[in-house]
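Heads up, the thing below is written out as structure tokens.
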Amino acid sequence: MRNLSASTALGLGCIAFALILAFIWIPLDVETWLVERKRGRYIVGDSLAPTLAAAFILLAGVMLWFERRSRDPRPTRQNLTFIGAISFFGLVGILLMRWSGPVVTSVFGAEEYRLLRDTAPWKYIGFVLGGSTMVFCIVSFVEQRVSWRAFWVALAAVVGIIALYDLPFDDVLLPPNGDV
């Protein structure tokens, strides 16, 4: 058996994870399909977001699998540093996403956040702060510099997700508002 490069191994791992996610985990964990028709209108099914995530993971895995391979099959310190940094930025973004909405509502003396989690502007606070921070940090890390362009790209990405997920559907709660 030939040695696998780090990119090939990561790509195959992403492909395997995406297939397990799409064909085993989501169907066993979620009751509704991608989109459902309820009372004469279409609503987002509970499996839409995780299925889209699985598709993006699968696409990334295929891209990594076909990437030009390096001669050294072992992961380098740079590979591990990159994965660690991206994981850290993801964790910080998720923590901001989860806690910034409740903290801002308590600072402004508003009602309990749970009662406001589906009303603008409260429902966007955590998603915009956490998502923008996550994308901004990742773009800045990859470019190895902090720039206004990275900031605007991050903000545009988050606003685009809001426009695609939240605005067309009345019953969608942006992350993490469904769990708060």
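Going through the structure tokens in order, the chains are called A, B, and so on, while each chain numbers its residues from 1 and the ligands are numbered from 1 in the order shown.
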Practice problem: Write out as an MDAnalysis selection string all residues of stretch 51-127 of chain A that DSSP puts in alpha helix (DSSP H) for this structure's backbone. | Solution: chainID A and resid 51:65 77:107 113:116 122:127
Practice problem: Write out as a PyMOL selection string which residues come within 8 Å of A:Ile43 when counting only C-alpha atoms, dropping same-chain ones fewer than 3 positions away. | Solution: chain A and resi 35-38+169+171
Taking N, CA and C atoms for each residue, export the selection above as a PDB file, in the first residue's frame.
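Printed below is result.pdb as written:
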ATOM      1  N   VAL A  35     -37.099  20.056   2.832  1.00  0.00           N
ATOM      2  CA  VAL A  35     -38.162  21.064   2.785  1.00  0.00           C
ATOM      3  C   VAL A  35     -39.473  20.311   2.910  1.00  0.00           C
ATOM      4  N   GLU A  36     -40.413  20.872   3.638  1.00  0.00           N
ATOM      5  CA  GLU A  36     -41.708  20.227   3.823  1.00  0.00           C
ATOM      6  C   GLU A  36     -42.825  21.173   3.410  1.00  0.00           C
ATOM      7  N   ARG A  37     -43.924  20.596   3.016  1.00  0.00           N
ATOM      8  CA  ARG A  37     -45.116  21.388   2.711  1.00  0.00           C
ATOM      9  C   ARG A  37     -46.066  21.217   3.889  1.00  0.00           C
ATOM     10  N   LYS A  38     -46.371  22.335   4.528  1.00  0.00           N
ATOM     11  CA  LYS A  38     -47.222  22.295   5.711  1.00  0.00           C
ATOM     12  C   LYS A  38     -48.243  23.420   5.603  1.00  0.00           C
ATOM     13  N   PHE A 169     -38.025  32.412   5.374  1.00  0.00           N
ATOM     14  CA  PHE A 169     -38.809  31.471   6.163  1.00  0.00           C
ATOM     15  C   PHE A 169     -39.169  32.089   7.517  1.00  0.00           C
ATOM     16  N   ASP A 171     -40.378  30.469  10.194  1.00  0.00           N
ATOM     17  CA  ASP A 171     -40.217  29.607  11.348  1.00  0.00           C
ATOM     18  C   ASP A 171     -38.769  29.147  11.596  1.00  0.00           C
TER      19      ASP A 171
END
Quiz prompt | Non-local contacts of stretch 80-91 of chain A (12 Å; only C-alpha atoms; under 2 positions in same chain excluded) as a ChimeraX atom specification | solution = /A:6,10,74-78,93-98,130-142,144
Selection file, N, CA and C atoms, as a PDB file, in the first residue's frame:
ATOM      1  N   ALA A   6      -0.778  14.012   3.444  1.00  0.00           N
ATOM      2  CA  ALA A   6      -1.664  14.610   4.457  1.00  0.00           C
ATOM      3  C   ALA A   6      -2.951  15.108   3.815  1.00  0.00           C
ATOM      4  N   LEU A  10      -6.621  13.673   4.735  1.00  0.00           N
ATOM      5  CA  LEU A  10      -7.650  14.590   5.221  1.00  0.00           C
ATOM      6  C   LEU A  10      -8.854  14.586   4.292  1.00  0.00           C
ATOM      7  N   ARG A  74       3.657  12.587   5.733  1.00  0.00           N
ATOM      8  CA  ARG A  74       3.262  12.864   7.118  1.00  0.00           C
ATOM      9  C   ARG A  74       2.786  14.304   7.278  1.00  0.00           C
ATOM     10  N   PRO A  75       1.833  14.521   8.184  1.00  0.00           N
ATOM     11  CA  PRO A  75       1.424  15.899   8.484  1.00  0.00           C
ATOM     12  C   PRO A  75       2.601  16.674   9.084  1.00  0.00           C
ATOM     13  N   THR A  76       2.729  17.921   8.699  1.00  0.00           N
ATOM     14  CA  THR A  76       3.809  18.757   9.218  1.00  0.00           C
ATOM     15  C   THR A  76       3.307  19.579  10.396  1.00  0.00           C
ATOM     16  N   ARG A  77       4.228  20.271  11.023  1.00  0.00           N
ATOM     17  CA  ARG A  77       3.862  21.164  12.119  1.00  0.00           C
ATOM     18  C   ARG A  77       2.941  22.277  11.595  1.00  0.00           C
ATOM     19  N   GLN A  78       3.163  22.723  10.365  1.00  0.00           N
ATOM     20  CA  GLN A  78       2.303  23.747   9.772  1.00  0.00           C
ATOM     21  C   GLN A  78       0.877  23.226   9.596  1.00  0.00           C
ATOM     22  N   GLY A  93     -15.809  31.696  17.771  1.00  0.00           N
ATOM     23  CA  GLY A  93     -17.015  32.144  17.065  1.00  0.00           C
ATOM     24  C   GLY A  93     -18.277  31.526  17.627  1.00  0.00           C
ATOM     25  N   ILE A  94     -18.226  30.239  17.931  1.00  0.00           N
ATOM     26  CA  ILE A  94     -19.401  29.563  18.489  1.00  0.00           C
ATOM     27  C   ILE A  94     -19.731  30.091  19.883  1.00  0.00           C
ATOM     28  N   LEU A  95     -18.712  30.332  20.699  1.00  0.00           N
ATOM     29  CA  LEU A  95     -18.952  30.900  22.034  1.00  0.00           C
ATOM     30  C   LEU A  95     -19.553  32.298  21.937  1.00  0.00           C
ATOM     31  N   LEU A  96     -19.031  33.118  21.021  1.00  0.00           N
ATOM     32  CA  LEU A  96     -19.618  34.447  20.818  1.00  0.00           C
ATOM     33  C   LEU A  96     -21.056  34.329  20.323  1.00  0.00           C
ATOM     34  N   MET A  97     -21.280  33.405  19.415  1.00  0.00           N
ATOM     35  CA  MET A  97     -22.617  33.210  18.865  1.00  0.00           C
ATOM     36  C   MET A  97     -23.601  32.823  19.974  1.00  0.00           C
ATOM     37  N   ARG A  98     -23.157  31.968  20.864  1.00  0.00           N
ATOM     38  CA  ARG A  98     -24.045  31.468  21.923  1.00  0.00           C
ATOM     39  C   ARG A  98     -24.315  32.496  23.015  1.00  0.00           C
ATOM     40  N   GLY A 130     -20.739  36.331  16.232  1.00  0.00           N
ATOM     41  CA  GLY A 130     -19.986  35.082  16.200  1.00  0.00           C
ATOM     42  C   GLY A 130     -19.574  34.680  14.800  1.00  0.00           C
ATOM     43  N   GLY A 131     -20.495  34.749  13.862  1.00  0.00           N
ATOM     44  CA  GLY A 131     -20.188  34.362  12.488  1.00  0.00           C
ATOM     45  C   GLY A 131     -19.168  35.281  11.838  1.00  0.00           C
ATOM     46  N   SER A 132     -19.342  36.590  12.034  1.00  0.00           N
ATOM     47  CA  SER A 132     -18.383  37.542  11.459  1.00  0.00           C
ATOM     48  C   SER A 132     -16.998  37.373  12.068  1.00  0.00           C
ATOM     49  N   THR A 133     -16.949  37.173  13.369  1.00  0.00           N
ATOM     50  CA  THR A 133     -15.661  36.968  14.028  1.00  0.00           C
ATOM     51  C   THR A 133     -14.975  35.717  13.496  1.00  0.00           C
ATOM     52  N   MET A 134     -15.740  34.640  13.363  1.00  0.00           N
ATOM     53  CA  MET A 134     -15.178  33.386  12.877  1.00  0.00           C
ATOM     54  C   MET A 134     -14.609  33.557  11.462  1.00  0.00           C
ATOM     55  N   VAL A 135     -15.398  34.112  10.552  1.00  0.00           N
ATOM     56  CA  VAL A 135     -14.950  34.273   9.167  1.00  0.00           C
ATOM     57  C   VAL A 135     -13.797  35.267   9.083  1.00  0.00           C
ATOM     58  N   PHE A 136     -13.889  36.389   9.812  1.00  0.00           N
ATOM     59  CA  PHE A 136     -12.829  37.395   9.792  1.00  0.00           C
ATOM     60  C   PHE A 136     -11.500  36.813  10.281  1.00  0.00           C
ATOM     61  N   CYS A 137     -11.536  36.076  11.381  1.00  0.00           N
ATOM     62  CA  CYS A 137     -10.300  35.486  11.915  1.00  0.00           C
ATOM     63  C   CYS A 137      -9.707  34.461  10.970  1.00  0.00           C
ATOM     64  N   ILE A 138     -10.538  33.642  10.365  1.00  0.00           N
ATOM     65  CA  ILE A 138     -10.031  32.621   9.443  1.00  0.00           C
ATOM     66  C   ILE A 138      -9.430  33.272   8.200  1.00  0.00           C
ATOM     67  N   VAL A 139     -10.128  34.250   7.625  1.00  0.00           N
ATOM     68  CA  VAL A 139      -9.596  34.936   6.439  1.00  0.00           C
ATOM     69  C   VAL A 139      -8.294  35.656   6.783  1.00  0.00           C
ATOM     70  N   SER A 140      -8.265  36.348   7.914  1.00  0.00           N
ATOM     71  CA  SER A 140      -7.046  37.054   8.322  1.00  0.00           C
ATOM     72  C   SER A 140      -5.897  36.088   8.569  1.00  0.00           C
ATOM     73  N   PHE A 141      -6.177  34.945   9.154  1.00  0.00           N
ATOM     74  CA  PHE A 141      -5.137  33.942   9.412  1.00  0.00           C
ATOM     75  C   PHE A 141      -4.584  33.386   8.100  1.00  0.00           C
ATOM     76  N   VAL A 142      -5.467  33.077   7.175  1.00  0.00           N
ATOM     77  CA  VAL A 142      -5.026  32.519   5.897  1.00  0.00           C
ATOM     78  C   VAL A 142      -4.230  33.552   5.098  1.00  0.00           C
ATOM     79  N   GLN A 144      -2.635  36.004   6.399  1.00  0.00           N
ATOM     80  CA  GLN A 144      -1.553  36.423   7.290  1.00  0.00           C
ATOM     81  C   GLN A 144      -1.492  37.944   7.454  1.00  0.00           C
TER      82      GLN A 144
END
Write out as a CSV table (one decimal) with C-alpha atoms, in the first residue's frame each polymer residue whose atoms come within 6 Å of stretch 45-56 of chain A, counting only C-alpha atoms; drop sequence neighbours fewer than 5 positions from it.
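Just written: result-v4.csv:
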chain,number,residue,atom,x,y,z
A,18,ALA,CA,-19.7,13.7,5.1
A,22,ALA,CA,-25.6,12.5,5.3
A,32,THR,CA,-38.2,15.9,8.7
A,33,TRP,CA,-36.7,16.1,5.3
A,34,LEU,CA,-35.0,19.1,3.5
A,35,VAL,CA,-38.2,21.1,2.8
A,36,GLU,CA,-41.7,20.2,3.8
